[in-house]
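K.L.:
My structure file upload.cif, mmCIF, C-alpha atoms, is below:
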data_model
#
loop_
_atom_site.label_atom_id
_atom_site.label_comp_id
_atom_site.auth_asym_id
_atom_site.auth_seq_id
_atom_site.Cartn_x
_atom_site.Cartn_y
_atom_site.Cartn_z
CA MET M 1 -8.95 44.97 2.55
CA LYS M 2 -11.46 42.97 4.58
CA THR M 3 -13.17 41.87 1.36
CA ARG M 4 -9.83 40.49 0.10
CA GLU M 5 -9.23 38.64 3.36
CA ARG M 6 -12.74 37.18 3.26
CA GLY M 7 -12.13 36.08 -0.33
CA ALA M 8 -8.85 34.44 0.64
CA ASP M 9 -10.54 32.71 3.58
CA CYS M 10 -13.33 31.43 1.31
CA THR M 11 -10.77 30.12 -1.21
CA GLU M 12 -8.85 28.35 1.53
CA THR M 13 -12.05 26.88 2.99
CA LEU M 14 -13.16 25.67 -0.45
CA PHE M 15 -9.73 24.13 -1.00
CA LEU M 16 -9.92 22.30 2.35
CA ILE M 17 -13.42 20.99 1.58
CA CYS M 18 -12.34 19.71 -1.86
CA ASP M 19 -9.23 18.13 -0.35
CA SER M 20 -11.31 16.37 2.31
CA ILE M 21 -13.73 15.05 -0.31
CA ILE M 22 -10.95 13.75 -2.59
CA THR M 23 -8.99 12.22 0.32
CA GLY M 24 -12.15 10.61 1.67
CA PHE M 25 -13.01 9.21 -1.75
CA PHE M 26 -9.62 7.57 -2.23
CA SER M 27 -9.67 6.27 1.35
CA LEU M 28 -13.02 4.60 0.71
CA CYS M 29 -11.67 3.07 -2.50
CA TYR M 30 -8.96 1.29 -0.52
CA LEU M 31 -11.02 0.45 2.56
CA TYR M 32 -11.60 -3.11 1.36
CA GLN M 33 -7.86 -3.80 1.61
CA VAL M 34 -8.00 -2.89 5.30
CA PHE M 35 -10.75 -5.49 5.59
CA PHE M 36 -8.46 -7.99 3.85
CA ILE M 37 -5.83 -7.44 6.56
CA ILE M 38 -8.32 -7.72 9.42
CA TYR M 39 -9.85 -10.82 7.88
CA GLU M 40 -6.51 -12.59 7.52
CA LEU M 41 -5.43 -11.60 11.02
CA PHE M 42 -8.50 -12.95 12.75
CA LYS M 43 -9.90 -15.67 10.52
CA ARG M 44 -9.76 -19.18 11.82
CA LYS M 45 -6.93 -20.96 10.00
CA LYS M 46 -7.77 -24.39 8.69
CA ASN M 47 -5.08 -26.93 8.04
CA ARG M 48 -5.51 -28.70 4.74
CA PRO M 49 -5.68 -32.49 5.15
CA GLN M 50 -2.39 -34.08 4.14
CA THR M 51 -3.65 -36.71 1.73
CA GLU M 52 -2.11 -38.15 -1.39
CA PRO M 53 -3.24 -36.22 -4.48
CA ALA M 54 -5.71 -37.92 -6.78
CA LYS M 55 -3.54 -36.97 -9.73
CA LEU M 56 0.14 -36.34 -10.21
CA ASN M 57 0.25 -33.69 -12.91
CA LYS M 58 3.07 -33.39 -15.41
CA PHE M 59 4.74 -29.97 -15.23
CA GLY M 60 6.71 -28.07 -17.83
CA VAL M 61 9.02 -25.60 -16.11
CA ILE M 62 9.79 -22.59 -18.29
CA ILE M 63 12.62 -20.25 -17.27
CA CYS M 64 13.10 -17.06 -19.27
CA ALA M 65 16.76 -16.04 -19.08
CA ARG M 66 18.82 -13.30 -20.67
CA ASN M 67 22.53 -13.41 -19.82
CA GLU M 68 21.95 -15.21 -16.52
CA GLN M 69 24.93 -17.60 -16.46
CA SER M 70 25.81 -16.65 -12.87
CA VAL M 71 22.49 -17.73 -11.33
CA ILE M 72 20.72 -20.13 -13.70
CA GLY M 73 22.39 -23.24 -12.28
CA GLY M 74 21.08 -22.61 -8.77
CA LEU M 75 17.46 -22.48 -9.92
CA ILE M 76 17.71 -25.62 -12.05
CA ASP M 77 19.36 -27.46 -9.14
CA SER M 78 16.53 -26.48 -6.78
CA ILE M 79 14.00 -27.74 -9.33
CA LYS M 80 15.85 -31.03 -9.80
CA ARG M 81 15.73 -31.58 -6.02
CA GLN M 82 11.95 -31.30 -5.72
CA ASP M 83 9.98 -33.72 -3.55
CA TYR M 84 8.03 -34.73 -6.63
CA PRO M 85 8.54 -37.45 -9.26
CA ASN M 86 11.38 -36.26 -11.46
CA GLU M 87 9.92 -37.94 -14.55
CA LEU M 88 6.93 -35.56 -14.26
CA ILE M 89 9.09 -32.43 -14.43
CA ASP M 90 10.57 -31.11 -17.68
CA VAL M 91 12.81 -28.04 -17.41
CA TYR M 92 13.11 -25.63 -20.34
CA VAL M 93 15.34 -22.56 -20.41
CA VAL M 94 14.53 -19.90 -22.98
CA ALA M 95 17.96 -18.38 -23.66
CA ASP M 96 16.52 -15.08 -24.85
CA ASN M 97 18.95 -12.96 -26.91
CA CYS M 98 21.87 -14.16 -24.79
CA CYS M 99 25.52 -13.29 -25.45
CA ASP M 100 27.01 -15.25 -22.53
CA TYR M 101 27.06 -18.92 -21.47
CA THR M 102 23.47 -19.13 -20.20
CA ALA M 103 22.56 -21.81 -22.76
CA LYS M 104 25.70 -23.86 -22.12
CA TYR M 105 25.34 -23.74 -18.31
CA SER M 106 21.62 -24.54 -18.50
CA GLN M 107 22.22 -27.59 -20.65
CA ALA M 108 25.02 -28.77 -18.36
CA SER M 109 22.60 -28.46 -15.39
CA GLY M 110 20.10 -30.77 -17.09
CA ALA M 111 17.69 -28.37 -18.76
CA THR M 112 16.46 -28.38 -22.33
CA VAL M 113 17.53 -25.12 -23.96
CA ILE M 114 15.33 -23.15 -26.36
CA GLU M 115 17.41 -20.40 -27.95
CA ARG M 116 15.68 -17.25 -29.13
CA ASN M 117 17.31 -14.44 -31.09
CA ASP M 118 14.98 -11.57 -31.93
CA PRO M 119 16.19 -8.17 -30.68
CA SER M 120 13.18 -6.45 -32.25
CA LEU M 121 10.74 -8.04 -29.79
CA ILE M 122 12.04 -7.55 -26.27
CA GLY M 123 10.21 -8.75 -23.20
CA LYS M 124 9.34 -11.80 -21.17
CA GLY M 125 5.97 -12.18 -22.87
CA TYR M 126 7.61 -12.74 -26.25
CA ALA M 127 10.02 -15.30 -24.78
CA LEU M 128 7.14 -17.22 -23.18
CA ASP M 129 5.13 -17.23 -26.39
CA PHE M 130 8.18 -18.46 -28.32
CA ALA M 131 8.62 -21.35 -25.87
CA PHE M 132 4.96 -22.40 -25.93
CA LYS M 133 4.88 -22.39 -29.71
CA LYS M 134 8.11 -24.43 -29.90
CA LEU M 135 6.70 -27.06 -27.54
CA LYS M 136 3.43 -27.22 -29.44
CA ALA M 137 5.26 -27.64 -32.77
CA LYS M 138 7.15 -30.60 -31.30
CA GLY M 139 3.94 -32.13 -29.91
CA ILE M 140 5.18 -31.87 -26.31
CA GLU M 141 2.34 -31.57 -23.81
CA HIS M 142 2.12 -30.95 -20.07
CA ASP M 143 -0.79 -30.65 -17.68
CA ALA M 144 0.50 -27.30 -16.43
CA TYR M 145 3.44 -24.92 -16.73
CA LEU M 146 5.53 -23.28 -14.02
CA ILE M 147 7.04 -19.92 -14.95
CA PHE M 148 10.24 -18.69 -13.28
CA ASP M 149 12.88 -16.02 -13.67
CA ALA M 150 16.49 -17.21 -13.78
CA ASP M 151 17.44 -15.63 -10.44
CA ASN M 152 14.79 -17.57 -8.48
CA LEU M 153 15.20 -20.50 -6.10
CA VAL M 154 12.36 -22.76 -4.93
CA ASP M 155 11.95 -24.87 -1.81
CA LYS M 156 11.74 -28.66 -2.16
CA ASP M 157 7.93 -28.77 -1.73
CA PHE M 158 7.16 -26.09 -4.32
CA ILE M 159 5.86 -28.37 -7.08
CA LYS M 160 4.23 -30.86 -4.70
CA GLU M 161 2.17 -28.07 -3.15
CA MET M 162 1.35 -26.61 -6.57
CA ASN M 163 0.07 -30.02 -7.63
CA LEU M 164 -2.24 -30.25 -4.61
CA LYS M 165 -3.73 -26.83 -5.32
CA LEU M 166 -4.01 -27.54 -9.04
CA ASN M 167 -6.10 -30.60 -8.19
CA GLU M 168 -8.52 -28.33 -6.31
CA GLY M 169 -9.60 -26.96 -9.68
CA TYR M 170 -7.56 -23.79 -10.13
CA LYS M 171 -6.27 -23.08 -13.63
CA VAL M 172 -3.76 -20.43 -12.50
CA LEU M 173 -1.85 -20.25 -9.22
CA THR M 174 0.62 -17.82 -7.73
CA SER M 175 3.12 -18.63 -4.98
CA TYR M 176 4.53 -17.21 -1.75
CA ARG M 177 7.27 -14.86 -2.91
CA ASN M 178 10.14 -14.63 -0.41
CA SER M 179 13.62 -13.14 -0.93
CA LYS M 180 17.21 -14.32 -1.39
CA ASN M 181 18.70 -11.00 -0.26
CA TYR M 182 16.21 -9.46 2.17
CA GLY M 183 18.78 -7.90 4.49
CA THR M 184 21.17 -6.38 1.95
CA ASN M 185 19.80 -2.83 2.23
CA TRP M 186 16.61 -0.76 2.47
CA ILE M 187 15.83 -1.30 -1.22
CA THR M 188 15.95 -5.11 -1.15
CA SER M 189 13.97 -5.27 2.10
CA GLY M 190 11.42 -2.81 0.68
CA TYR M 191 10.76 -5.07 -2.29
CA SER M 192 10.72 -8.19 -0.11
CA LEU M 193 8.27 -6.85 2.45
CA SER M 194 5.97 -5.72 -0.38
CA PHE M 195 5.91 -9.19 -1.96
CA ILE M 196 5.37 -10.94 1.38
CA ARG M 197 2.54 -8.52 2.23
CA GLU M 198 1.03 -9.13 -1.21
CA ALA M 199 1.07 -12.90 -0.69
CA THR M 200 -0.43 -12.80 2.79
CA TYR M 201 -2.74 -9.79 2.92
CA LEU M 202 -3.83 -9.51 -0.69
CA ASN M 203 -3.66 -12.84 -2.51
CA LYS M 204 -4.41 -15.12 0.45
CA ALA M 205 -7.33 -12.91 1.44
CA ARG M 206 -8.59 -12.87 -2.14
CA GLU M 207 -8.57 -16.66 -2.30
CA ASP M 208 -10.19 -17.10 1.12
CA LEU M 209 -12.97 -14.71 0.07
CA LYS M 210 -13.47 -16.54 -3.26
CA LEU M 211 -12.05 -13.67 -5.30
CA CYS M 212 -9.20 -13.66 -7.84
CA CYS M 213 -5.51 -13.57 -6.93
CA ALA M 214 -2.88 -11.80 -9.03
CA ILE M 215 0.20 -13.41 -10.46
CA SER M 216 3.30 -11.38 -9.74
CA GLY M 217 6.01 -11.69 -12.34
CA THR M 218 7.45 -15.06 -11.44
CA GLY M 219 6.76 -18.31 -9.60
CA PHE M 220 3.30 -18.95 -11.00
CA CYS M 221 1.51 -21.95 -12.50
CA VAL M 222 -0.69 -21.92 -15.60
CA SER M 223 -2.76 -24.88 -16.77
CA ARG M 224 -2.44 -26.20 -20.32
CA GLU M 225 -6.10 -25.34 -20.85
CA ILE M 226 -5.43 -21.61 -20.38
CA ILE M 227 -2.42 -21.62 -22.73
CA GLU M 228 -4.30 -23.54 -25.42
CA CYS M 229 -7.32 -21.27 -25.09
CA GLN M 230 -5.10 -18.20 -25.51
CA GLY M 231 -3.12 -19.72 -28.37
CA GLY M 232 0.18 -19.29 -26.52
CA TRP M 233 1.18 -16.24 -24.48
CA ILE M 234 -0.57 -13.21 -25.94
CA HIS M 235 0.24 -10.54 -23.36
CA HIS M 236 3.13 -8.25 -24.26
CA LEU M 237 2.72 -4.99 -22.35
CA LEU M 238 5.47 -3.89 -19.95
CA THR M 239 3.84 -5.80 -17.07
CA GLU M 240 2.68 -8.92 -18.86
CA ASP M 241 1.85 -10.65 -15.57
CA ILE M 242 -0.74 -8.08 -14.46
CA GLU M 243 -2.06 -7.80 -18.02
CA PHE M 244 -2.59 -11.59 -18.01
CA THR M 245 -4.35 -11.33 -14.65
CA VAL M 246 -6.64 -8.46 -15.66
CA ASP M 247 -7.55 -10.06 -18.99
CA ASN M 248 -8.62 -13.24 -17.21
CA VAL M 249 -10.44 -11.38 -14.44
CA ILE M 250 -12.56 -9.73 -17.12
CA LYS M 251 -13.27 -13.20 -18.53
CA GLY M 252 -14.39 -14.41 -15.11
CA GLU M 253 -11.45 -16.67 -14.20
CA LYS M 254 -10.40 -17.05 -10.56
CA PHE M 255 -6.74 -17.49 -9.74
CA GLY M 256 -5.57 -19.04 -6.47
CA ILE M 257 -2.44 -19.03 -4.35
CA SER M 258 -0.35 -21.99 -3.25
CA GLU M 259 0.94 -20.34 -0.09
CA LYS M 260 3.07 -23.36 0.79
CA SER M 261 4.94 -23.10 -2.52
CA VAL M 262 7.78 -20.81 -1.46
CA LEU M 263 9.89 -18.99 -4.02
CA PHE M 264 13.04 -17.00 -3.22
CA ASP M 265 13.57 -14.03 -5.51
CA GLU M 266 16.59 -11.75 -5.92
CA GLN M 267 15.81 -8.05 -5.47
CA PRO M 268 17.62 -5.11 -7.14
CA VAL M 269 20.33 -3.67 -4.90
CA THR M 270 20.90 -0.18 -6.30
CA PHE M 271 18.38 2.66 -6.40
CA LYS M 272 19.02 3.16 -10.11
CA SER M 273 18.09 -0.44 -10.93
CA SER M 274 15.10 -0.21 -8.63
CA TRP M 275 13.97 3.06 -10.21
CA ASN M 276 14.16 1.61 -13.73
CA GLN M 277 12.29 -1.54 -12.77
CA ARG M 278 9.51 0.21 -10.87
CA LEU M 279 9.22 2.84 -13.60
CA ARG M 280 8.55 0.00 -16.04
CA TRP M 281 5.98 -1.53 -13.68
CA THR M 282 4.17 1.79 -13.24
CA LYS M 283 4.19 2.51 -16.97
CA GLY M 284 2.85 -0.99 -17.51
CA PHE M 285 -0.01 -0.28 -15.11
CA TYR M 286 -0.89 2.83 -17.14
CA GLN M 287 -0.79 0.78 -20.35
CA ILE M 288 -3.12 -1.87 -18.90
CA LEU M 289 -5.50 0.78 -17.60
CA GLY M 290 -5.64 2.35 -21.06
CA GLN M 291 -6.26 -0.98 -22.79
CA TYR M 292 -8.49 -2.76 -20.26
CA GLY M 293 -9.89 0.05 -18.07
CA GLY M 294 -13.18 0.31 -19.97
CA LYS M 295 -13.80 -3.45 -19.71
CA LEU M 296 -13.00 -3.40 -15.99
CA ILE M 297 -15.53 -0.60 -15.45
CA LYS M 298 -18.16 -2.58 -17.36
CA GLY M 299 -17.37 -5.56 -15.14
CA ILE M 300 -17.79 -3.41 -12.03
CA PHE M 301 -21.27 -2.33 -13.12
CA LYS M 302 -22.11 -5.99 -13.73
CA GLY M 303 -21.28 -6.69 -10.08
CA SER M 304 -17.76 -8.12 -10.42
CA PHE M 305 -15.77 -7.29 -7.29
CA PRO M 306 -12.51 -8.67 -8.80
CA CYS M 307 -12.92 -6.12 -11.61
CA TYR M 308 -13.24 -3.40 -8.96
CA ASP M 309 -10.25 -4.80 -7.04
CA PHE M 310 -7.94 -4.66 -10.05
CA PHE M 311 -9.25 -1.33 -11.31
CA ILE M 312 -8.34 0.10 -7.89
CA THR M 313 -4.95 -1.66 -8.08
CA LEU M 314 -4.20 -0.05 -11.44
CA PHE M 315 -5.61 3.45 -11.02
CA PRO M 316 -6.26 5.28 -7.74
CA ALA M 317 -2.86 4.84 -6.05
CA SER M 318 -1.07 6.65 -8.86
CA ALA M 319 -3.87 9.19 -9.24
CA TYR M 320 -3.87 10.01 -5.54
CA THR M 321 -0.07 10.22 -5.52
CA ILE M 322 -0.12 12.72 -8.37
CA TYR M 323 -2.93 14.66 -6.69
CA ASN M 324 -0.93 14.91 -3.46
CA LEU M 325 2.15 16.13 -5.30
CA ILE M 326 0.13 18.81 -7.11
CA LYS M 327 -1.52 19.82 -3.84
CA CYS M 328 1.87 20.14 -2.11
CA ILE M 329 3.22 22.27 -4.95
CA ILE M 330 0.19 24.60 -4.79
CA GLU M 331 0.48 24.91 -1.02
CA CYS M 332 4.22 25.62 -1.28
CA VAL M 333 3.65 28.32 -3.90
CA TYR M 334 0.93 29.84 -1.74
CA GLY M 335 3.22 29.72 1.28
CA VAL M 336 6.11 31.38 -0.56
CA ILE M 337 3.84 34.16 -1.85
CA ALA M 338 2.43 34.76 1.63
CA PHE M 339 5.94 34.79 3.11
CA SER M 340 7.15 37.32 0.51
CA LYS M 341 4.41 39.70 1.59
CA ASN M 342 5.08 39.74 5.33
CA LEU M 343 8.46 37.96 5.71
CA ASN M 344 7.05 36.12 8.71
CA PRO M 345 8.73 32.70 9.19
CA THR M 346 5.56 31.40 10.86
CA THR M 347 3.67 31.98 7.62
CA LEU M 348 6.20 29.89 5.69
CA ILE M 349 6.03 27.07 8.24
CA GLN M 350 2.23 27.03 8.36
CA ASN M 351 1.60 27.28 4.63
CA CYS M 352 4.58 25.47 3.13
CA ILE M 353 6.56 23.24 5.46
CA PHE M 354 3.71 21.93 7.64
CA PRO M 355 1.56 20.68 4.69
CA LEU M 356 4.55 18.83 3.24
CA VAL M 357 5.46 17.23 6.56
CA SER M 358 1.81 16.38 7.22
CA CYS M 359 1.28 14.81 3.78
CA PHE M 360 4.37 12.63 3.79
CA GLY M 361 4.06 11.96 7.53
CA ILE M 362 0.63 10.41 7.06
CA MET M 363 1.93 8.33 4.14
CA TYR M 364 4.86 7.17 6.28
CA LEU M 365 2.56 6.07 9.13
CA ILE M 366 0.23 4.15 6.80
CA PHE M 367 3.08 2.23 5.15
CA PHE M 368 4.78 1.73 8.51
CA ALA M 369 1.61 0.11 9.87
CA MET M 370 1.43 -2.19 6.83
CA GLY M 371 5.07 -3.18 7.16
CA LEU M 372 4.81 -3.72 10.92
CA VAL M 373 1.76 -5.99 10.68
CA THR M 374 3.44 -8.01 7.94
CA MET M 375 6.66 -8.33 9.93
CA ILE M 376 4.90 -9.38 13.14
CA THR M 377 2.95 -12.16 11.42
CA GLU M 378 5.54 -13.30 8.85
CA HIS M 379 8.87 -12.79 10.64
CA LYS M 380 9.49 -16.53 10.97
CA VAL M 381 9.91 -16.98 7.21
CA ILE M 382 12.17 -13.96 6.59
CA ARG M 383 15.87 -14.79 6.21
CA ALA M 384 17.37 -11.80 8.02
CA THR M 385 18.75 -10.78 11.40
CA LYS M 386 16.60 -9.04 14.02
CA ALA M 387 18.38 -5.75 13.34
CA GLU M 388 17.74 -6.08 9.60
CA LYS M 389 14.07 -6.83 10.22
CA ILE M 390 13.64 -3.79 12.47
CA ARG M 391 15.45 -1.60 9.96
CA SER M 392 13.27 -2.88 7.14
CA VAL M 393 10.05 -1.90 8.93
CA LEU M 394 11.40 1.62 9.50
CA THR M 395 12.61 2.07 5.92
CA TYR M 396 9.72 0.33 4.17
CA PRO M 397 7.63 3.56 4.10
CA ILE M 398 10.54 5.41 2.49
CA PHE M 399 10.77 2.74 -0.20
CA MET M 400 7.05 3.03 -0.89
CA ILE M 401 7.06 6.85 -0.89
CA THR M 402 9.70 6.80 -3.66
CA TYR M 403 6.87 5.56 -5.90
CA CYS M 404 5.54 9.16 -5.85
CA PRO M 405 8.07 10.63 -8.32
CA ILE M 406 8.04 7.37 -10.28
CA ALA M 407 4.27 7.68 -10.80
CA VAL M 408 4.71 11.17 -12.24
CA VAL M 409 7.71 10.39 -14.46
CA ALA M 410 5.98 7.29 -15.86
CA LEU M 411 3.18 9.49 -17.21
CA PHE M 412 5.51 11.32 -19.58
CA LYS M 413 8.58 9.16 -20.12
CA LYS M 414 8.85 6.50 -22.79
CA VAL M 415 9.81 3.30 -21.00
CA SER M 416 11.21 0.04 -22.35
CA TRP M 417 12.40 -3.18 -20.74
CA THR M 418 15.96 -3.07 -19.40
CA PRO M 419 17.84 -6.01 -17.81
CA ILE M 420 18.46 -6.10 -14.06
CA PRO M 421 21.82 -7.69 -13.15
CA HIS M 422 21.58 -10.76 -10.88
CA THR M 423 24.64 -11.72 -8.86
CA VAL M 424 23.45 -13.44 -5.65
CA LYS M 425 24.79 -16.99 -5.95
CA ALA M 426 23.02 -18.42 -2.92
CA THR M 427 21.81 -22.01 -3.13
CA ILE M 428 18.56 -23.40 -1.79
CA ASP M 429 20.63 -25.11 0.95
CA ASP M 430 22.01 -21.73 2.00
CA LEU M 431 18.51 -20.34 2.42
CA GLU M 432 16.98 -23.39 4.09
CA ASN M 433 19.89 -23.61 6.55
CA ALA M 434 19.94 -19.89 7.28
CA LYS M 435 19.23 -19.09 10.90
CA ILE M 436 15.97 -17.18 11.21
CA GLN M 437 15.93 -14.73 14.12
#
Is it possible to give me this structure as structure tokens?
P.N.:
Amino acid sequence: MKTRERGADCTETLFLICDSIITGFFSLCYLYQVFFIIYELFKRKKNRPQTEPAKLNKFGVIICARNEQSVIGGLIDSIKRQDYPNELIDVYVVADNCCDYTAKYSQASGATVIERNDPSLIGKGYALDFAFKKLKAKGIEHDAYLIFDADNLVDKDFIKEMNLKLNEGYKVLTSYRNSKNYGTNWITSGYSLSFIREATYLNKAREDLKLCCAISGTGFCVSREIIECQGGWIHHLLTEDIEFTVDNVIKGEKFGISEKSVLFDEQPVTFKSSWNQRLRWTKGFYQILGQYGGKLIKGIFKGSFPCYDFFITLFPASAYTIYNLIKCIIECVYGVIAFSKNLNPTTLIQNCIFPLVSCFGIMYLIFFAMGLVTMITEHKVIRATKAEKIRSVLTYPIFMITYCPIAVVALFKKVSWTPIPHTVKATIDDLENAKIQ
């Protein structure tokens, strides 16, 4: 009997040692992002001199839209009202497999419409490539291209600020991604806080440390040189934005951020829509890891920190999530077996309930700290009431923890692009005049 108990104790000790090693390893992998936060919190901010740019670049604005008649006009209007020479801005709407009045409304708002009908190739990457090839065939050239989704709105200085940063030598720039509907519910605020944190404590830190930023779906700028070098838009995985970033990181490019170019994005409102979208994102991460993981590892061994940064972005979070879920299941099974032998409630609490509470409690505290720091430093730009801001910090960890089942399902489920309905008809005036508390 004592031999059995000693064996059980040894197994439990070995399990604890392995768990500590694995947890420590993943913690070390992400330690640099803690440094990013500390660096941005305490670095000395330098104001960029407000001088006239040496060059006023000509921009082609490309908006990929599929059945977006309810929101497309607002975006085009906000672009037309830019504090930038209108003759240097051409707006193109790719009406991608539309069956509504997106094309008609876009044309009435002053955009040039490029209609695409190919239901066999679904995805934003295909729509972008179609647009670039159409423009090239017509001999239309721009110095750089701005890529938006139809539900976006941009502040009046968006293009002016992009132009200033473009003249600093960057070939690709991302923007500061804010939200049209931050305070609607815990889902919209969860998305919003994530994007704001990404802009401030990932991309801004990356630029300040001379690393490479990541473009995030929408509101980014790409130079003509990059598009010509690629031969159009060649990235067609489920997350074409991160694929584009990783491909260029491997090639040694460095993307920047125009933090004064503010974009307002509409976030999914329902959990079902959110689940489908984030499932696609996670599956896309797995696809990119499978296709580019080997090249990223080679880059790491050659001393490329950006390669390490994006390998960590793609891999360990999901891996550690899955590990924690497996660990919790094992501990629960062990706890149930132990309880069935002695029917002692304390055994069930110690071996089953406590590990679950401990695991998810730690995750909650980590995400809460991230959300709190972001809210404290960025609260002035968030269009929401004080109550909505407080609620968002409390619910942000819950939003992030819901990635756990998504990470597992994405491993096994076949995922394809599905449209997210956009219905928020706010104008840029509504957002700029909104009282910030």
K.L.:
Enumerate, as a ChimeraX atom specification, the residues matched when the PyMOL selection byres ((chain M and resi 275) around 12) is run on the file above.
P.N.:
/M:187,191,268-274,276-283,399-400,402-407,409-410,415,418,420
K.L.:
Can you write out the residues you just picked, keeping C-alpha atoms, as an mmCIF file, in the frame of the given file?
P.N.:
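Result written to selection.cif:
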data_model
loop_
_atom_site.group_PDB
_atom_site.id
_atom_site.type_symbol
_atom_site.label_atom_id
_atom_site.label_comp_id
_atom_site.auth_asym_id
_atom_site.auth_seq_id
_atom_site.Cartn_x
_atom_site.Cartn_y
_atom_site.Cartn_z
ATOM 1 C CA ILE M 187 15.830 -1.300 -1.220
ATOM 2 C CA TYR M 191 10.760 -5.070 -2.290
ATOM 3 C CA PRO M 268 17.620 -5.110 -7.140
ATOM 4 C CA VAL M 269 20.330 -3.670 -4.900
ATOM 5 C CA THR M 270 20.900 -0.180 -6.300
ATOM 6 C CA PHE M 271 18.380 2.660 -6.400
ATOM 7 C CA LYS M 272 19.020 3.160 -10.110
ATOM 8 C CA SER M 273 18.090 -0.440 -10.930
ATOM 9 C CA SER M 274 15.100 -0.210 -8.630
ATOM 10 C CA ASN M 276 14.160 1.610 -13.730
ATOM 11 C CA GLN M 277 12.290 -1.540 -12.770
ATOM 12 C CA ARG M 278 9.510 0.210 -10.870
ATOM 13 C CA LEU M 279 9.220 2.840 -13.600
ATOM 14 C CA ARG M 280 8.550 0.000 -16.040
ATOM 15 C CA TRP M 281 5.980 -1.530 -13.680
ATOM 16 C CA THR M 282 4.170 1.790 -13.240
ATOM 17 C CA LYS M 283 4.190 2.510 -16.970
ATOM 18 C CA PHE M 399 10.770 2.740 -0.200
ATOM 19 C CA MET M 400 7.050 3.030 -0.890
ATOM 20 C CA THR M 402 9.700 6.800 -3.660
ATOM 21 C CA TYR M 403 6.870 5.560 -5.900
ATOM 22 C CA CYS M 404 5.540 9.160 -5.850
ATOM 23 C CA PRO M 405 8.070 10.630 -8.320
ATOM 24 C CA ILE M 406 8.040 7.370 -10.280
ATOM 25 C CA ALA M 407 4.270 7.680 -10.800
ATOM 26 C CA VAL M 409 7.710 10.390 -14.460
ATOM 27 C CA ALA M 410 5.980 7.290 -15.860
ATOM 28 C CA VAL M 415 9.810 3.300 -21.000
ATOM 29 C CA THR M 418 15.960 -3.070 -19.400
ATOM 30 C CA ILE M 420 18.460 -6.100 -14.060
#
K.L.:
Of the candidates M:Trp233, M:Phe26, M:Tyr105, M:Phe255, which shows the shortest atom-to-atom distance to Thr174 of chain M, using only C-alpha atoms?
P.N.:
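Selected residue with least distance to Thr174 of chain M: M:Phe255.
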K.L.:
At a cut-off of 12 Å from (6.5, -23.2, 1.5) in the coordinates of the file, what residues are picked up using all atoms listed in the file, written as a ChimeraX atom specification?
P.N.:
/M:153-162,175-178,199,257-264,380-382,432
K.L.:
Taking C-alpha atoms for each residue, export the selection above as a tab-separated table (two decimals), in the frame of the given file.
P.N.:
chain	number	residue	atom	x	y	z
M	153	LEU	CA	15.20	-20.50	-6.10
M	154	VAL	CA	12.36	-22.76	-4.93
M	155	ASP	CA	11.95	-24.87	-1.81
M	156	LYS	CA	11.74	-28.66	-2.16
M	157	ASP	CA	7.93	-28.77	-1.73
M	158	PHE	CA	7.16	-26.09	-4.32
M	159	ILE	CA	5.86	-28.37	-7.08
M	160	LYS	CA	4.23	-30.86	-4.70
M	161	GLU	CA	2.17	-28.07	-3.15
M	162	MET	CA	1.35	-26.61	-6.57
M	175	SER	CA	3.12	-18.63	-4.98
M	176	TYR	CA	4.53	-17.21	-1.75
M	177	ARG	CA	7.27	-14.86	-2.91
M	178	ASN	CA	10.14	-14.63	-0.41
M	199	ALA	CA	1.07	-12.90	-0.69
M	257	ILE	CA	-2.44	-19.03	-4.35
M	258	SER	CA	-0.35	-21.99	-3.25
M	259	GLU	CA	0.94	-20.34	-0.09
M	260	LYS	CA	3.07	-23.36	0.79
M	261	SER	CA	4.94	-23.10	-2.52
M	262	VAL	CA	7.78	-20.81	-1.46
M	263	LEU	CA	9.89	-18.99	-4.02
M	264	PHE	CA	13.04	-17.00	-3.22
M	380	LYS	CA	9.49	-16.53	10.97
M	381	VAL	CA	9.91	-16.98	7.21
M	382	ILE	CA	12.17	-13.96	6.59
M	432	GLU	CA	16.98	-23.39	4.09
K.L.:
Have a look at M:Tyr145, M:Asn324, M:Asp429, M:Ala150 and name the one nearest to Val71 of chain M; count all atoms listed in the file.
P.N.:
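Checking each candidate against Val71 of chain M, we get M:Ala150 as the closest.
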K.L.:
Kindly indicate which residue among M:Ser120, M:Thr239, M:Thr200, M:Thr245 lies nearest to Leu41 of chain M, using only C-alpha atoms for the distances.
P.N.:
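Nearest to Leu41 of chain M: M:Thr200.
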K.L.:
List the residues selected by the PyMOL selection byres ((chain M and resi 127) around 9) in the file shown, writing them as a ChimeraX atom specification.
P.N.:
/M:64-65,94-96,116,121-126,128-132,233
K.L.:
Pick the closest to Ala426 of chain M from M:Ser109, M:Phe244, M:Asp265, M:Leu173: which is it, counting only C-alpha atoms?
P.N.:
M:Asp265
K.L.:
Any chance you could resolve the PyMOL selection byres ((chain M and resi 308) around 12) against this file and give the residues as JSON, numbers by chain?
P.N.:
{"M": [29, 30, 32, 33, 211, 212, 246, 249, 250, 293, 294, 295, 296, 297, 298, 299, 300, 301, 302, 303, 304, 305, 306, 307, 309, 310, 311, 312, 313, 314, 315, 316]}
K.L.:
Just how far from atom CA of Trp186 of chain M is atom CA of Thr395 of chain M, in Å to one decimal?
P.N.:
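Taking atom CA of Thr395 of chain M and atom CA of Trp186 of chain M, their separation equals 6.0 Å.
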